[in-house]
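A.B. asks: So here's start-v6.cif (mmCIF, C-alpha atoms).
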data_upload
#
loop_
_atom_site.label_atom_id
_atom_site.label_comp_id
_atom_site.auth_asym_id
_atom_site.auth_seq_id
_atom_site.Cartn_x
_atom_site.Cartn_y
_atom_site.Cartn_z
CA MET Y 1 -1.86 10.35 -33.20
CA ALA Y 2 -2.02 12.33 -29.98
CA GLU Y 3 -4.82 14.47 -31.41
CA ILE Y 4 -6.89 11.43 -32.34
CA ALA Y 5 -6.43 10.09 -28.81
CA PHE Y 6 -7.38 13.48 -27.33
CA TYR Y 7 -10.60 13.74 -29.32
CA GLY Y 8 -11.43 10.07 -28.71
CA PHE Y 9 -11.07 10.34 -24.92
CA SER Y 10 -12.87 13.69 -24.91
CA ALA Y 11 -15.78 12.14 -26.79
CA LEU Y 12 -15.81 9.24 -24.30
CA SER Y 13 -15.90 11.62 -21.32
CA ILE Y 14 -18.53 13.94 -22.78
CA GLY Y 15 -20.71 11.12 -24.04
CA ALA Y 16 -20.64 9.34 -20.67
CA ALA Y 17 -21.30 12.64 -18.86
CA LEU Y 18 -24.35 13.29 -21.07
CA THR Y 19 -25.58 9.77 -20.32
CA ILE Y 20 -25.31 10.56 -16.58
CA LEU Y 21 -27.47 13.63 -17.20
CA PHE Y 22 -30.20 11.96 -19.18
CA THR Y 23 -30.46 8.44 -17.76
CA ARG Y 24 -33.09 7.78 -15.11
CA ASN Y 25 -31.31 4.73 -13.70
CA VAL Y 26 -28.89 5.77 -10.93
CA MET Y 27 -26.79 2.61 -11.38
CA TYR Y 28 -26.22 3.39 -15.05
CA ALA Y 29 -25.27 6.92 -14.03
CA ALA Y 30 -22.67 5.56 -11.58
CA LEU Y 31 -21.20 3.25 -14.25
CA CYS Y 32 -21.10 6.12 -16.76
CA LEU Y 33 -19.32 8.23 -14.14
CA PHE Y 34 -16.67 5.48 -14.15
CA LEU Y 35 -16.23 5.94 -17.92
CA THR Y 36 -16.10 9.73 -17.55
CA LEU Y 37 -13.41 9.57 -14.87
CA LEU Y 38 -11.37 7.09 -16.93
CA GLY Y 39 -11.59 9.40 -19.95
CA VAL Y 40 -10.50 12.39 -17.86
CA ALA Y 41 -7.58 10.34 -16.50
CA ALA Y 42 -6.52 9.61 -20.08
CA LEU Y 43 -6.76 13.33 -20.87
CA PHE Y 44 -4.50 14.00 -17.87
CA VAL Y 45 -1.94 11.59 -19.36
CA LEU Y 46 -2.16 13.40 -22.70
CA ALA Y 47 -1.55 16.70 -20.89
CA GLY Y 48 1.59 15.25 -19.28
CA ALA Y 49 0.19 14.98 -15.77
CA ASP Y 50 0.93 11.32 -15.14
CA PHE Y 51 0.74 11.53 -11.34
CA LEU Y 52 -2.64 13.25 -11.53
CA ALA Y 53 -3.92 10.54 -13.88
CA ILE Y 54 -2.84 7.72 -11.54
CA THR Y 55 -4.30 9.60 -8.56
CA GLN Y 56 -7.55 10.09 -10.44
CA ILE Y 57 -7.87 6.36 -11.11
CA LEU Y 58 -6.73 5.38 -7.62
CA ILE Y 59 -8.95 7.75 -5.64
CA TYR Y 60 -11.92 8.61 -7.84
CA VAL Y 61 -12.38 5.36 -9.72
CA GLY Y 62 -11.16 3.07 -6.93
CA GLY Y 63 -12.52 4.93 -3.93
CA VAL Y 64 -15.11 7.63 -4.46
CA LEU Y 65 -17.06 5.66 -7.05
CA VAL Y 66 -17.19 2.57 -4.79
CA LEU Y 67 -18.41 4.84 -2.00
CA LEU Y 68 -21.04 6.28 -4.34
CA ILE Y 69 -22.33 2.84 -5.31
CA PHE Y 70 -22.34 1.83 -1.62
CA GLY Y 71 -24.39 4.97 -0.97
CA ILE Y 72 -26.93 4.02 -3.63
CA MET Y 73 -27.20 0.46 -2.28
CA LEU Y 74 -27.46 1.80 1.27
CA THR Y 75 -30.24 4.31 0.72
CA TYR Y 76 -32.30 2.49 -1.89
CA ARG Y 77 -35.12 0.44 -0.39
CA PRO Y 78 -36.08 -2.10 -3.02
CA ASP Y 79 -39.40 -3.76 -3.59
CA ARG Y 80 -38.81 -7.03 -1.74
CA GLU Y 81 -41.99 -8.75 -2.83
CA SER Y 82 -41.56 -9.19 -6.56
CA ASN Y 83 -38.71 -11.06 -8.16
CA GLN Y 84 -40.20 -10.61 -11.61
CA LYS Y 85 -39.55 -6.89 -11.84
CA LYS Y 86 -36.22 -5.63 -13.10
CA ASN Y 87 -33.71 -4.27 -10.59
CA LEU Y 88 -33.84 -0.67 -11.68
CA VAL Y 89 -32.91 2.15 -9.30
CA LEU Y 90 -34.96 4.84 -10.94
CA THR Y 91 -35.05 8.51 -10.15
CA SER Y 92 -36.83 11.49 -11.65
CA HIS Y 93 -35.38 14.70 -13.00
CA LEU Y 94 -36.14 17.51 -10.55
CA ASN Y 95 -35.05 21.14 -10.15
CA GLN Y 96 -33.79 21.30 -13.72
CA PHE Y 97 -33.63 25.09 -13.85
CA TRP Y 98 -31.70 25.66 -10.61
CA GLY Y 99 -29.48 22.65 -11.18
CA GLY Y 100 -28.61 23.92 -14.64
CA LEU Y 101 -27.94 27.39 -13.27
CA VAL Y 102 -25.57 26.07 -10.59
CA ALA Y 103 -23.77 23.89 -13.15
CA LEU Y 104 -23.35 26.81 -15.54
CA GLY Y 105 -22.07 29.01 -12.70
CA ILE Y 106 -19.49 26.45 -11.62
CA PHE Y 107 -18.44 25.99 -15.25
CA GLY Y 108 -18.04 29.76 -15.67
CA VAL Y 109 -15.95 30.14 -12.52
CA LEU Y 110 -13.69 27.20 -13.43
CA PHE Y 111 -13.30 28.41 -17.02
CA TRP Y 112 -12.34 31.90 -15.82
CA VAL Y 113 -9.88 30.54 -13.24
CA ILE Y 114 -8.19 28.19 -15.73
CA LEU Y 115 -7.86 30.95 -18.34
CA ASN Y 116 -6.34 33.36 -15.84
CA ALA Y 117 -4.23 30.93 -13.85
CA ASN Y 118 -0.48 31.30 -13.90
CA PHE Y 119 0.55 27.67 -14.21
CA MET Y 120 3.82 26.77 -12.60
CA ILE Y 121 5.88 24.58 -14.86
CA ILE Y 122 6.91 21.82 -12.54
CA HIS Y 123 9.83 20.75 -14.71
CA SER Y 124 11.82 23.90 -14.02
CA PRO Y 125 15.47 24.00 -15.17
CA GLN Y 126 16.76 24.19 -11.58
CA LEU Y 127 14.99 20.98 -10.71
CA ALA Y 128 15.90 19.18 -13.92
CA GLU Y 129 19.33 18.12 -12.63
CA PHE Y 130 17.75 16.34 -9.66
CA THR Y 131 14.92 14.86 -11.65
CA PRO Y 132 16.29 13.36 -14.80
CA GLN Y 133 13.20 11.18 -15.30
CA ARG Y 134 10.40 12.28 -17.56
CA SER Y 135 7.80 11.45 -14.92
CA THR Y 136 6.53 14.35 -12.84
CA LEU Y 137 6.54 12.20 -9.69
CA ARG Y 138 10.01 13.28 -8.48
CA SER Y 139 9.39 16.96 -9.14
CA ILE Y 140 6.12 16.75 -7.23
CA GLY Y 141 7.96 15.03 -4.37
CA VAL Y 142 10.61 17.76 -4.21
CA HIS Y 143 7.98 20.50 -4.30
CA LEU Y 144 5.91 18.71 -1.66
CA MET Y 145 8.89 18.65 0.69
CA THR Y 146 10.12 22.20 0.03
CA THR Y 147 7.77 24.93 -1.22
CA HIS Y 148 4.51 23.17 -0.38
CA VAL Y 149 5.43 21.47 2.89
CA TRP Y 150 2.98 23.61 4.88
CA ALA Y 151 0.09 22.75 2.53
CA PHE Y 152 1.16 19.11 2.82
CA GLU Y 153 0.83 19.07 6.62
CA VAL Y 154 -2.45 21.02 6.47
CA ALA Y 155 -3.72 18.34 4.06
CA GLY Y 156 -2.93 15.80 6.79
CA LEU Y 157 -5.03 17.79 9.28
CA LEU Y 158 -7.86 18.04 6.74
CA LEU Y 159 -7.79 14.28 6.26
CA LEU Y 160 -7.90 13.81 10.04
CA MET Y 161 -10.95 16.05 10.29
CA ALA Y 162 -12.67 14.19 7.46
CA LEU Y 163 -11.88 10.83 9.06
CA VAL Y 164 -13.18 11.78 12.51
CA GLY Y 165 -16.27 13.53 11.14
CA ALA Y 166 -17.18 10.79 8.68
CA ALA Y 167 -16.75 8.02 11.23
CA TYR Y 168 -18.80 9.98 13.80
CA ILE Y 169 -21.70 10.71 11.42
CA ALA Y 170 -21.76 7.18 10.04
CA ALA Y 171 -21.75 5.68 13.54
CA GLN Y 172 -24.63 7.95 14.63
CA ARG Y 173 -26.84 6.36 11.99
CA GLU Y 174 -26.11 2.87 13.20
CA LYS Y 175 -27.72 3.44 16.60
CA MET R 1 -2.70 30.57 -21.24
CA ARG R 2 0.57 31.01 -23.12
CA THR R 3 2.55 28.98 -20.59
CA LEU R 4 -0.08 26.23 -20.65
CA ILE R 5 0.24 25.81 -24.41
CA ASP R 6 4.05 25.81 -24.19
CA PHE R 7 3.88 23.22 -21.46
CA VAL R 8 1.60 20.89 -23.44
CA GLN R 9 3.78 21.25 -26.53
CA ARG R 10 6.89 20.40 -24.55
CA ILE R 11 5.27 17.33 -23.01
CA PHE R 12 4.27 15.93 -26.40
CA LYS R 13 7.91 15.93 -27.45
CA THR R 14 8.82 13.69 -24.52
CA ASN R 15 8.08 10.03 -24.34
CA MET R 16 5.54 9.97 -21.53
CA VAL R 17 2.55 9.54 -23.82
CA SER R 18 4.05 6.53 -25.54
CA GLU R 19 4.76 4.88 -22.18
CA PHE R 20 1.11 5.23 -21.24
CA GLY R 21 0.34 4.09 -24.78
CA THR R 22 1.64 0.66 -23.77
CA ILE R 23 -0.91 0.55 -20.95
CA PHE R 24 -3.59 1.69 -23.37
CA LEU R 25 -2.62 -1.10 -25.78
CA PHE R 26 -3.00 -3.60 -22.94
CA ILE R 27 -6.50 -2.31 -22.17
CA VAL R 28 -7.52 -2.37 -25.84
CA THR R 29 -6.12 -5.91 -26.28
CA ALA R 30 -8.05 -7.14 -23.23
CA ILE R 31 -11.33 -5.67 -24.50
CA VAL R 32 -10.83 -6.94 -28.07
CA LEU R 33 -9.86 -10.42 -26.84
CA ILE R 34 -12.88 -10.76 -24.54
CA VAL R 35 -15.34 -9.45 -27.14
CA SER R 36 -13.95 -11.68 -29.90
CA MET R 37 -14.03 -14.76 -27.61
CA LEU R 38 -17.67 -14.10 -26.68
CA MET R 39 -18.66 -13.47 -30.30
CA LEU R 40 -16.89 -16.65 -31.41
CA ALA R 41 -18.68 -18.64 -28.70
CA LYS R 42 -22.01 -17.14 -29.78
CA LEU R 43 -21.36 -18.19 -33.37
CA LEU R 44 -20.39 -21.75 -32.44
CA ARG R 45 -22.84 -22.72 -29.69
CA PRO R 46 -26.39 -23.97 -30.28
CA HIS R 47 -29.11 -21.62 -29.07
CA LYS R 48 -32.07 -23.56 -27.64
CA PRO R 49 -33.30 -21.89 -24.44
CA ASN R 50 -36.18 -23.17 -22.33
CA VAL R 51 -37.76 -22.05 -19.07
CA GLU R 52 -35.74 -24.48 -16.97
CA LYS R 53 -32.40 -23.35 -18.46
CA LEU R 54 -33.18 -19.68 -17.97
CA THR R 55 -33.72 -19.91 -14.19
CA THR R 56 -31.01 -18.46 -11.95
CA TYR R 57 -29.97 -21.85 -10.56
CA GLU R 58 -30.81 -24.45 -13.13
CA SER R 59 -30.76 -27.36 -10.71
CA GLY R 60 -31.15 -25.55 -7.40
CA GLU R 61 -33.56 -23.52 -5.31
CA ASP R 62 -35.89 -21.08 -6.98
CA PRO R 63 -34.80 -17.60 -5.92
CA ILE R 64 -37.35 -15.69 -3.81
CA GLY R 65 -37.60 -11.90 -3.65
CA ASN R 66 -35.31 -9.31 -5.13
CA ALA R 67 -31.53 -9.58 -5.36
CA ASN R 68 -31.32 -5.83 -4.77
CA VAL R 69 -31.16 -5.74 -0.97
CA GLN R 70 -30.39 -2.74 1.20
CA PHE R 71 -26.76 -2.63 2.26
CA ASN R 72 -25.46 -2.50 5.81
CA VAL R 73 -24.07 0.88 6.86
CA ARG R 74 -20.88 -0.77 8.19
CA PHE R 75 -19.63 -1.29 4.62
CA TYR R 76 -19.91 2.46 4.13
CA VAL R 77 -17.86 3.28 7.24
CA VAL R 78 -15.12 0.88 6.21
CA ALA R 79 -15.09 2.30 2.67
CA LEU R 80 -14.81 5.84 4.06
CA VAL R 81 -11.84 4.97 6.28
CA PHE R 82 -10.23 3.13 3.34
CA LEU R 83 -10.66 6.15 1.07
CA LEU R 84 -9.00 8.51 3.55
CA PHE R 85 -5.99 6.26 3.97
CA GLU R 86 -5.81 5.86 0.20
CA VAL R 87 -5.48 9.64 -0.10
CA GLU R 88 -2.70 9.49 2.48
CA LEU R 89 -0.99 6.79 0.40
CA VAL R 90 -1.11 9.01 -2.69
CA PHE R 91 0.77 11.68 -0.74
CA LEU R 92 3.36 9.10 0.31
CA PHE R 93 4.26 8.17 -3.28
CA PRO R 94 6.03 11.37 -4.39
CA TRP R 95 7.71 11.59 -1.00
CA ALA R 96 9.05 8.04 -1.26
CA VAL R 97 10.82 8.64 -4.60
CA VAL R 98 12.72 11.75 -3.47
CA PHE R 99 13.27 10.94 0.20
CA GLY R 100 16.44 8.96 -0.32
CA GLN R 101 17.82 10.79 -3.35
CA ALA R 102 21.59 10.86 -2.98
CA THR R 103 22.29 14.17 -4.77
CA LEU R 104 19.78 16.07 -2.64
CA ILE R 105 21.14 14.56 0.57
CA GLN R 106 24.77 15.38 -0.39
CA GLN R 107 23.95 18.98 -1.26
CA THR R 108 22.29 19.60 2.09
CA ASP R 109 24.74 17.60 4.25
CA GLY R 110 22.11 15.00 5.06
CA LEU R 111 19.59 17.58 6.22
CA TRP R 112 17.23 16.74 3.37
CA GLY R 113 16.74 13.15 4.50
CA TRP R 114 16.05 14.08 8.13
CA PHE R 115 13.76 16.97 7.20
CA SER R 116 11.61 14.94 4.83
CA LEU R 117 11.53 11.99 7.24
CA VAL R 118 10.32 14.19 10.12
CA GLU R 119 7.75 15.92 7.92
CA MET R 120 6.38 12.59 6.79
CA LEU R 121 6.31 11.25 10.35
CA ILE R 122 4.25 14.30 11.41
CA PHE R 123 1.89 13.74 8.47
CA VAL R 124 1.44 10.03 9.21
CA GLY R 125 1.21 10.75 12.95
CA ILE R 126 -1.72 13.13 12.43
CA LEU R 127 -3.57 10.42 10.52
CA VAL R 128 -2.66 7.74 13.05
CA LEU R 129 -4.47 9.93 15.60
CA GLY R 130 -7.59 9.63 13.47
CA LEU R 131 -7.18 5.88 13.19
CA ALA R 132 -6.70 5.64 16.95
CA TYR R 133 -9.86 7.71 17.47
CA ALA R 134 -11.91 5.48 15.16
CA TRP R 135 -10.44 2.38 16.81
CA ALA R 136 -11.04 3.56 20.38
CA LYS R 137 -14.61 4.61 19.61
CA GLY R 138 -15.27 1.17 18.15
CA TYR R 139 -16.10 2.34 14.62
CA LEU R 140 -13.82 -0.32 13.21
CA ASP R 141 -15.49 -3.14 15.14
CA TRP R 142 -17.34 -5.47 12.87
CA VAL R 143 -20.40 -6.47 14.86
CA ARG R 144 -21.10 -10.05 13.97
CA PRO R 145 -24.71 -11.13 13.84
CA GLN R 146 -25.46 -13.63 16.60
CA PRO R 147 -26.59 -16.97 15.20
CA LYS R 148 -30.08 -17.88 16.39
CA VAL R 149 -29.78 -21.31 17.99
CA PRO R 150 -33.20 -22.89 18.07
CA VAL R 151 -34.27 -23.79 21.62
CA ILE R 152 -36.86 -26.54 21.92
CA GLU R 153 -38.89 -26.69 25.06
CA THR R 154 -39.67 -30.32 25.65
CA LYS R 155 -40.91 -32.27 28.62
CA VAL R 156 -38.71 -35.24 27.73
CA PRO R 157 -35.52 -35.22 29.94
CA ALA R 158 -32.24 -35.46 28.07
CA ASN R 159 -31.01 -38.58 29.81
CA LEU R 160 -34.12 -40.50 28.76
CA TYR R 161 -32.66 -41.04 25.27
CA GLN R 162 -29.51 -42.49 26.84
CA LYS R 163 -31.54 -44.83 28.98
CA VAL R 164 -33.45 -46.06 25.95
CA ASN R 165 -30.17 -46.64 24.10
CA GLU R 166 -28.74 -48.59 27.03
CA LYS R 167 -31.88 -50.68 27.29
CA TYR R 168 -31.85 -51.67 23.63
CA GLY R 169 -28.11 -52.25 23.49
CA ARG R 170 -27.04 -49.33 21.32
CA PRO R 171 -23.65 -47.78 22.14
CA SER R 172 -23.89 -44.48 23.99
CA VAL R 173 -22.76 -41.37 22.16
CA ASN R 174 -20.53 -40.42 25.08
CA GLU R 175 -18.49 -43.63 24.91
CA LYS R 176 -16.91 -42.79 21.54
#
Translate this file's structure into structure tokens.
C.D. replies:
Amino acid sequence: MAEIAFYGFSALSIGAALTILFTRNVMYAALCLFLTLLGVAALFVLAGADFLAITQILIYVGGVLVLLIFGIMLTYRPDRESNQKKNLVLTSHLNQFWGGLVALGIFGVLFWVILNANFMIIHSPQLAEFTPQRSTLRSIGVHLMTTHVWAFEVAGLLLLMALVGAAYIAAQREK
Amino acid sequence: MRTLIDFVQRIFKTNMVSEFGTIFLFIVTAIVLIVSMLMLAKLLRPHKPNVEKLTTYESGEDPIGNANVQFNVRFYVVALVFLLFEVELVFLFPWAVVFGQATLIQQTDGLWGWFSLVEMLIFVGILVLGLAYAWAKGYLDWVRPQPKVPVIETKVPANLYQKVNEKYGRPSVNEK
């Protein structure tokens, strides 16, 4: 049962990702990205990372994708004259060789890192007495407040930098 | 690699997948229900389109131009600020479930609660600085477009209409 679900969601993700690659309509690509991210979230659930799955849906599907579609609508200057033409946001495939090379390089690095990574099992026996639930949420909370508290505060600083920078750049355009 | 496989095998023995399976069933039911309703409606309804029926507003204005207009950049700024605070919210979730845990507080003589509270206040405080910055710089202000009130330059003085009304016995607008 779990294997069928795994292959089903994998096929959904890969199929949607291939559609992003080969479609010329940017809007279709954005909608297919939605399917890909949903499929990856389901794969996270199957791998036992429930918090990661919820985060994926909350941030990537609910936030980044909306931002992406806003970006398309913001930068695309449509043909105002004709209302008979279809509303297609078309693009052309450029830089196929270098794009493919970069993608392969990133894939290689990620593959190597994942194979060699020493994954910490978050449900360690010491923590099990405090976190009787099956969900990883409590274990992540305990780790966030103990071993990773420094990274947690640095993440806050990073978010502050992103907020100030993004607001500044976006406001520059408005003038 | 070995630990990863062990981890996945251990997770499949627990019940987490079946709990998310309930959510999955909900999604599948929603899709199947909508598709079957639409198919049923397509089978039942008569299909006789004409030009008038196929317009966007069947008994309204004819649409002019393209519906695909360029967006205002202000939507983008608001979406960016929303996204950053959403990420902050995601960090708050795991903190909120362990912050008040009684066993952890007892074992540390209450230190756990104070420590995690202070850490979270620092985290939120850093982001409040960013919000204050965006607020003070006016990035959050939603500039409303000013309505263009048509101004008519006319040689006829305004009180002339009132005089005409008084002359012909109509009640003045001001008297109401």
A.B. asks: Pick out the closest residue to Ile23 of chain R from this set: Y:Met73, Y:Met1, Y:Ile54, Y:Ala167. Count all atoms listed in the file.
C.D. replies: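 Distance minimum relative to Ile23 of chain R lands on Y:Ile54.
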A.B. asks: Where does the PyMOL selection byres ((chain Y and resi 36) around 10) land in this file, that is, which residues does it pick, as a JSON list (two decimals) with C-alpha atoms, keeping the file's coordinate frame?
C.D. replies:
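Listed below is the output, selection-v4.json:
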[["chain", "number", "residue", "atom", "x", "y", "z"],
["Y", 9, "PHE", "CA", -11.07, 10.34, -24.92],
["Y", 10, "SER", "CA", -12.87, 13.69, -24.91],
["Y", 11, "ALA", "CA", -15.78, 12.14, -26.79],
["Y", 12, "LEU", "CA", -15.81, 9.24, -24.30],
["Y", 13, "SER", "CA", -15.90, 11.62, -21.32],
["Y", 14, "ILE", "CA", -18.53, 13.94, -22.78],
["Y", 15, "GLY", "CA", -20.71, 11.12, -24.04],
["Y", 16, "ALA", "CA", -20.64, 9.34, -20.67],
["Y", 17, "ALA", "CA", -21.30, 12.64, -18.86],
["Y", 18, "LEU", "CA", -24.35, 13.29, -21.07],
["Y", 19, "THR", "CA", -25.58, 9.77, -20.32],
["Y", 20, "ILE", "CA", -25.31, 10.56, -16.58],
["Y", 30, "ALA", "CA", -22.67, 5.56, -11.58],
["Y", 31, "LEU", "CA", -21.20, 3.25, -14.25],
["Y", 32, "CYS", "CA", -21.10, 6.12, -16.76],
["Y", 33, "LEU", "CA", -19.32, 8.23, -14.14],
["Y", 34, "PHE", "CA", -16.67, 5.48, -14.15],
["Y", 35, "LEU", "CA", -16.23, 5.94, -17.92],
["Y", 37, "LEU", "CA", -13.41, 9.57, -14.87],
["Y", 38, "LEU", "CA", -11.37, 7.09, -16.93],
["Y", 39, "GLY", "CA", -11.59, 9.40, -19.95],
["Y", 40, "VAL", "CA", -10.50, 12.39, -17.86],
["Y", 41, "ALA", "CA", -7.58, 10.34, -16.50],
["Y", 42, "ALA", "CA", -6.52, 9.61, -20.08],
["Y", 61, "VAL", "CA", -12.38, 5.36, -9.72]]
A.B. asks: Between atom CA of Ile105 of chain R and atom CA of Phe85 of chain R, what distance in Å does the model show, to one decimal?
C.D. replies: 28.6 Å
A.B. asks: Quick one: everything within 9 Å of segment 89-92 of chain R, counting all atoms listed in the file, minus sequence neighbours fewer than 5 positions away in the same chain. Send it as a PDB file with C-alpha atoms, in the frame of the given file.
C.D. replies:
ATOM      1  CA  THR Y  55      -4.300   9.600  -8.560  1.00  0.00           C
ATOM      2  CA  LEU Y  58      -6.730   5.380  -7.620  1.00  0.00           C
ATOM      3  CA  ILE Y  59      -8.950   7.750  -5.640  1.00  0.00           C
ATOM      4  CA  GLY Y 141       7.960  15.030  -4.370  1.00  0.00           C
ATOM      5  CA  LEU Y 144       5.910  18.710  -1.660  1.00  0.00           C
ATOM      6  CA  PHE Y 152       1.160  19.110   2.820  1.00  0.00           C
TER       7      PHE Y 152
ATOM      8  CA  LEU R  84      -9.000   8.510   3.550  1.00  0.00           C
ATOM      9  CA  VAL R  97      10.820   8.640  -4.600  1.00  0.00           C
ATOM     10  CA  MET R 120       6.380  12.590   6.790  1.00  0.00           C
TER      11      MET R 120
END
A.B. asks: Write out as a PyMOL selection string each polymer residue whose atoms come within 8 Å of Leu137 of chain Y, counting all atoms listed in the file; drop sequence neighbours fewer than 6 positions from it.
C.D. replies: (chain Y and resi 50-51) or (chain R and resi 93-94+97)
A.B. asks: Of the residues R:Leu54, R:Leu38, R:Phe24, R:Tyr161, which is the one nearest to chain Y, using all atoms listed in the file?
C.D. replies: R:Phe24
A.B. asks: So that I can see what lies close to Trp142 of chain R, please list as a list in words the residues with an atom at most 10 Å from it, counting all atoms listed in the file and leaving out residues fewer than 4 positions away in the same chain.
C.D. replies: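 So the residues in contact are Arg74, Phe75, Val78 and Gly138 of chain R.
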A.B. asks: Report, in Å to a single decimal, how far apart atom CA of Ala29 of chain Y and atom CA of Ser92 of chain Y are.
C.D. replies: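 For atom CA of Ser92 of chain Y relative to atom CA of Ala29 of chain Y, the distance reads 12.7 Å.
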A.B. asks: May I ask which of the residues Y:Phe44, Y:Tyr7, Y:Trp98, Y:Phe119 is the closest one to chain R, counting all atoms listed in the file?
C.D. replies: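 Answer, going by the shortest atom-to-atom distance: Y:Phe119.
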A.B. asks: Rounded to one decimal, what separation in Å do you get between atom CA of Gly21 of chain R and atom CA of Ala117 of chain Y?
C.D. replies: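 Separating atom CA of Gly21 of chain R from atom CA of Ala117 of chain Y is a distance of 29.3 Å.
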A.B. asks: Need the neighbours of (8.5, 16.9, 0.8): which residues are at most 9 Å away, counting all atoms listed in the file, as a PyMOL selection string?
C.D. replies: (chain Y and resi 140-149+152) or (chain R and resi 94-95+98-99+115-117+119-120)
A.B. asks: Check the smallest atom-to-atom distance from each of R:Leu83, R:Leu111, R:Leu140, R:Ala102 to chain Y using all atoms listed in the file, then report the winner.
C.D. replies: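 So, comparing all the options, the nearest one is R:Leu83.
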A.B. asks: Please give the centre and size of the box around segment 129-148 of chain R (axis-aligned, containing every atom listed in the file, 6 Å added per side), with values in Å to one decimal and written as AutoDock Vina command-line options.
C.D. replies:
--center_x -17.3 --center_y -4.0 --center_z 16.6 --size_x 37.6 --size_y 39.8 --size_z 19.5
